[in-house]
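The structure file run39.pdb is reproduced below (PDB, C-alpha atoms and all ligand atoms).
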```pdb
MODEL        1
ATOM      1  CA  MET U1099     -42.283 -60.181  27.353  1.00  0.00           C
ATOM      2  CA  PHE U1100     -39.429 -61.329  25.133  1.00  0.00           C
ATOM      3  CA  LEU U1101     -39.786 -58.300  22.897  1.00  0.00           C
ATOM      4  CA  THR U1102     -39.835 -55.966  25.887  1.00  0.00           C
ATOM      5  CA  LEU U1103     -36.684 -57.597  27.170  1.00  0.00           C
ATOM      6  CA  MET U1104     -34.973 -57.237  23.798  1.00  0.00           C
ATOM      7  CA  LEU U1105     -36.026 -53.613  23.628  1.00  0.00           C
ATOM      8  CA  ILE U1106     -34.559 -52.925  27.059  1.00  0.00           C
ATOM      9  CA  ILE U1107     -31.339 -54.709  26.145  1.00  0.00           C
ATOM     10  CA  GLY U1108     -31.227 -52.696  22.969  1.00  0.00           C
ATOM     11  CA  LEU U1109     -31.698 -49.391  24.735  1.00  0.00           C
ATOM     12  CA  VAL U1110     -29.293 -50.135  27.546  1.00  0.00           C
ATOM     13  CA  PHE U1111     -26.457 -51.639  25.540  1.00  0.00           C
ATOM     14  CA  VAL U1112     -26.690 -50.730  21.896  1.00  0.00           C
ATOM     15  CA  PHE U1113     -27.839 -47.136  22.050  1.00  0.00           C
ATOM     16  CA  PRO U1114     -24.985 -45.861  24.252  1.00  0.00           C
ATOM     17  CA  ILE U1115     -22.485 -47.573  21.934  1.00  0.00           C
ATOM     18  CA  TYR U1116     -24.122 -45.818  19.027  1.00  0.00           C
ATOM     19  CA  LEU U1117     -23.908 -42.462  20.798  1.00  0.00           C
ATOM     20  CA  TYR U1118     -20.341 -43.084  21.837  1.00  0.00           C
ATOM     21  CA  ALA U1119     -19.273 -44.017  18.334  1.00  0.00           C
ATOM     22  CA  LYS U1120     -21.158 -41.099  16.865  1.00  0.00           C
ATOM     23  CA  ASP U1121     -19.570 -38.608  19.243  1.00  0.00           C
ATOM     24  CA  ASN U1122     -16.170 -40.032  18.648  1.00  0.00           C
ATOM     25  CA  VAL U1123     -15.529 -38.435  15.285  1.00  0.00           C
ATOM     26  CA  VAL U1124     -14.678 -34.763  15.039  1.00  0.00           C
ATOM     27  CA  THR U1125     -14.525 -32.962  11.725  1.00  0.00           C
ATOM     28  CA  VAL U1126     -12.072 -30.274  10.714  1.00  0.00           C
ATOM     29  CA  GLU U1127     -12.885 -28.479   7.489  1.00  0.00           C
ATOM     30  CA  ILE U1128     -10.265 -27.188   5.100  1.00  0.00           C
ATOM     31  CA  VAL U1129     -11.520 -23.952   3.587  1.00  0.00           C
ATOM     32  CA  LYS U1130      -9.634 -21.127   1.885  1.00  0.00           C
ATOM     33  CA  TYR U1131      -6.215 -22.449   2.847  1.00  0.00           C
ATOM     34  CA  LYS U1132      -7.183 -22.772   6.515  1.00  0.00           C
ATOM     35  CA  PHE U1133      -7.914 -25.621   8.903  1.00  0.00           C
ATOM     36  CA  MET U1134     -11.209 -24.816  10.619  1.00  0.00           C
ATOM     37  CA  PRO U1135     -11.049 -24.882  13.534  1.00  0.00           C
ATOM     38  CA  GLN U1136      -7.332 -24.448  13.625  1.00  0.00           C
ATOM     39  CA  GLU U1137      -7.009 -25.992  17.063  1.00  0.00           C
ATOM     40  CA  ILE U1138      -9.270 -28.692  18.435  1.00  0.00           C
ATOM     41  CA  THR U1139      -9.369 -30.421  21.781  1.00  0.00           C
ATOM     42  CA  VAL U1140     -10.528 -34.035  21.843  1.00  0.00           C
ATOM     43  CA  THR U1141     -10.474 -36.957  24.268  1.00  0.00           C
ATOM     44  CA  PRO U1142      -8.253 -39.997  23.667  1.00  0.00           C
ATOM     45  CA  GLY U1143      -9.885 -42.450  21.279  1.00  0.00           C
ATOM     46  CA  THR U1144     -11.330 -39.719  19.100  1.00  0.00           C
ATOM     47  CA  THR U1145     -11.044 -39.882  15.342  1.00  0.00           C
ATOM     48  CA  VAL U1146     -10.410 -36.573  13.638  1.00  0.00           C
ATOM     49  CA  ARG U1147     -11.544 -36.282  10.049  1.00  0.00           C
ATOM     50  CA  TRP U1148     -10.273 -33.509   7.813  1.00  0.00           C
ATOM     51  CA  VAL U1149     -12.568 -32.720   4.914  1.00  0.00           C
ATOM     52  CA  ASN U1150     -11.349 -30.689   1.966  1.00  0.00           C
ATOM     53  CA  LYS U1151     -14.086 -28.130   1.228  1.00  0.00           C
ATOM     54  CA  GLU U1152     -12.135 -26.235  -1.406  1.00  0.00           C
ATOM     55  CA  LYS U1153     -13.412 -25.926  -4.954  1.00  0.00           C
ATOM     56  CA  ARG U1154     -10.122 -26.853  -6.603  1.00  0.00           C
ATOM     57  CA  GLN U1155      -7.180 -26.842  -4.260  1.00  0.00           C
ATOM     58  CA  TYR U1156      -5.677 -29.986  -2.783  1.00  0.00           C
ATOM     59  CA  HIS U1157      -4.008 -30.105   0.622  1.00  0.00           C
ATOM     60  CA  SER U1158      -2.474 -32.593   3.003  1.00  0.00           C
ATOM     61  CA  VAL U1159      -2.551 -33.196   6.727  1.00  0.00           C
ATOM     62  CA  TRP U1160       1.010 -33.850   7.698  1.00  0.00           C
ATOM     63  CA  PHE U1161       2.230 -34.594  11.205  1.00  0.00           C
ATOM     64  CA  LYS U1162       5.740 -33.665  10.250  1.00  0.00           C
ATOM     65  CA  GLN U1163       6.867 -33.177  13.847  1.00  0.00           C
ATOM     66  CA  LEU U1164       6.111 -36.843  14.500  1.00  0.00           C
ATOM     67  CA  ASN U1165       8.749 -37.600  11.852  1.00  0.00           C
ATOM     68  CA  GLU U1166       6.145 -39.084   9.554  1.00  0.00           C
ATOM     69  CA  VAL U1167       6.196 -39.012   5.796  1.00  0.00           C
ATOM     70  CA  GLU U1168       3.661 -36.762   4.174  1.00  0.00           C
ATOM     71  CA  PRO U1169       0.404 -38.606   3.443  1.00  0.00           C
ATOM     72  CA  ASP U1170      -1.380 -38.417   0.082  1.00  0.00           C
ATOM     73  CA  TYR U1171      -2.964 -35.132  -0.911  1.00  0.00           C
ATOM     74  CA  ILE U1172      -6.654 -34.760  -0.233  1.00  0.00           C
ATOM     75  CA  PHE U1173      -8.570 -33.312  -3.142  1.00  0.00           C
ATOM     76  CA  PRO U1174     -11.885 -31.408  -2.954  1.00  0.00           C
ATOM     77  CA  ASP U1175     -14.596 -33.475  -1.221  1.00  0.00           C
ATOM     78  CA  GLU U1176     -12.059 -36.048  -0.097  1.00  0.00           C
ATOM     79  CA  SER U1177     -11.070 -36.577   3.506  1.00  0.00           C
ATOM     80  CA  TYR U1178      -8.243 -37.821   5.647  1.00  0.00           C
ATOM     81  CA  GLN U1179      -8.744 -39.268   9.097  1.00  0.00           C
ATOM     82  CA  ARG U1180      -6.673 -40.286  12.022  1.00  0.00           C
ATOM     83  CA  LYS U1181      -7.454 -41.730  15.437  1.00  0.00           C
ATOM     84  CA  PHE U1182      -5.771 -40.245  18.492  1.00  0.00           C
ATOM     85  CA  GLU U1183      -5.205 -42.786  21.261  1.00  0.00           C
ATOM     86  CA  THR U1184      -2.816 -40.950  23.548  1.00  0.00           C
ATOM     87  CA  ALA U1185      -2.946 -37.575  25.258  1.00  0.00           C
ATOM     88  CA  GLY U1186      -0.677 -34.837  23.966  1.00  0.00           C
ATOM     89  CA  LEU U1187      -0.329 -31.914  21.617  1.00  0.00           C
ATOM     90  CA  PHE U1188      -0.167 -32.889  17.959  1.00  0.00           C
ATOM     91  CA  PRO U1189       0.750 -30.059  15.625  1.00  0.00           C
ATOM     92  CA  TYR U1190       0.391 -30.602  11.903  1.00  0.00           C
ATOM     93  CA  ARG U1191       0.709 -28.676   8.690  1.00  0.00           C
ATOM     94  CA  CYS U1192      -0.192 -28.884   5.055  1.00  0.00           C
ATOM     95  CA  GLY U1193       2.597 -30.235   2.868  1.00  0.00           C
ATOM     96  CA  PRO U1194       2.268 -27.874  -0.125  1.00  0.00           C
ATOM     97  CA  HIS U1195       1.386 -24.858   2.074  1.00  0.00           C
ATOM     98  CA  PRO U1196       3.675 -24.593   5.123  1.00  0.00           C
ATOM     99  CA  GLU U1197       1.733 -21.577   6.394  1.00  0.00           C
ATOM    100  CA  MET U1198      -1.327 -23.790   6.887  1.00  0.00           C
ATOM    101  CA  THR U1199      -0.999 -25.201  10.376  1.00  0.00           C
ATOM    102  CA  GLY U1200      -3.225 -26.758  12.978  1.00  0.00           C
ATOM    103  CA  THR U1201      -3.073 -28.542  16.308  1.00  0.00           C
ATOM    104  CA  VAL U1202      -4.924 -31.468  17.805  1.00  0.00           C
ATOM    105  CA  ASN U1203      -4.927 -31.267  21.578  1.00  0.00           C
ATOM    106  CA  VAL U1204      -5.734 -34.690  23.026  1.00  0.00           C
ATOM    107  CA  LYS U1205      -6.542 -34.721  26.724  1.00  0.00           C
ATOM    108  CA  PHE U1206      -8.764 -36.482  29.237  1.00  0.00           C
TER     109      PHE U1206
HETATM  110 CU    CU K   1      -2.681 -26.764   1.763  1.00  0.00          CU
ENDMDL
END
```
Please lay out the structure from this file as structure tokens.
Amino acid sequence: MFLTLMLIIGLVFVFPIYLYAKDNVVTVEIVKYKFMPQEITVTPGTTVRWVNKEKRQYHSVWFKQLNEVEPDYIFPDESYQRKFETAGLFPYRCGPHPEMTGTVNVKF
């Protein structure tokens, strides 16, 4: 009886949290000097993780239009992540390669 109760509690409370947390990270790959996908739409509270899939080239994910300083470069197999709490359009670019651009569209 106790075990059944714990199992039910586990399924009802813990599992949805697990799913929620799992679904709450979106990955953008950096391949061949491109952000893939270039534009993503996420809900507020989502963490976006950029993963550098290049063989040699480093990049950065710079929200220059938010008047931020450029973050550290991300080297191959490294990643950069950022959580988006508020709705809006968030364009970014790569520091060393101004032609590399992307947008995070955060909306409900
Ligand atoms: Cu770059």
Residues contacting ligand CU 1 (chain K) - anything with an atom at most 12 Å away, using all atoms listed in the file - can you give me those as a VMD selection string? chain U and resid 1127 to 1133 1148 to 1152 1154 to 1160 1170 to 1174 1190 to 1200
Near Thr1139 (chain U), counting only C-alpha atoms, which residues have an atom at most 7 Å away, once you skip same-chain residues fewer than 4 positions from it, shown as an MDAnalysis selection string? chainID U and resid 1202:1204
Residues at most 10 Å from Glu1183 (chain U), counting only C-alpha atoms, excluding those fewer than 5 positions away in the same chain, as a CSV table (one decimal) with C-alpha atoms, keeping the file's coordinate frame?
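Saved file around.csv follows:
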```csv
chain,number,residue,atom,x,y,z
U,1141,THR,CA,-10.5,-37.0,24.3
U,1142,PRO,CA,-8.3,-40.0,23.7
U,1143,GLY,CA,-9.9,-42.4,21.3
U,1144,THR,CA,-11.3,-39.7,19.1
U,1145,THR,CA,-11.0,-39.9,15.3
U,1204,VAL,CA,-5.7,-34.7,23.0
U,1205,LYS,CA,-6.5,-34.7,26.7
```
CA of Asp1175 (chain U) and CA of Leu1187 (chain U) are how many Å apart?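 Separation between CA of Asp1175 (chain U) and CA of Leu1187 (chain U): 27.0 Å.
You will find CA of Lys1162 (chain U) at 8.2 Å from CA of Pro1189 (chain U).
Minimum atom-to-atom distances from U:Val1123, U:Val1167, U:Arg1147, U:Phe1161 to Phe1188 (chain U) were compared using only C-alpha atoms, and the lowest value belongs to U:Phe1161.
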I'd like the box whose edges run along x, y and z of the file and which contains every listed atom of region 1146-1159 of chain U, padded by 4 Å per side; could you state its centre and edge lengths in Å, one decimal, as lines of an AutoDock Vina configuration file?
```
center_x = -8.3
center_y = -31.2
center_z = 3.5
size_x = 19.6
size_y = 18.6
size_z = 28.2
```
Grab the CA of Ser1177 (chain U) to CA of Leu1164 (chain U) distance for me, in Å with one decimal place.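 One can read the CA of Ser1177 (chain U) to CA of Leu1164 (chain U) distance as 20.4 Å.
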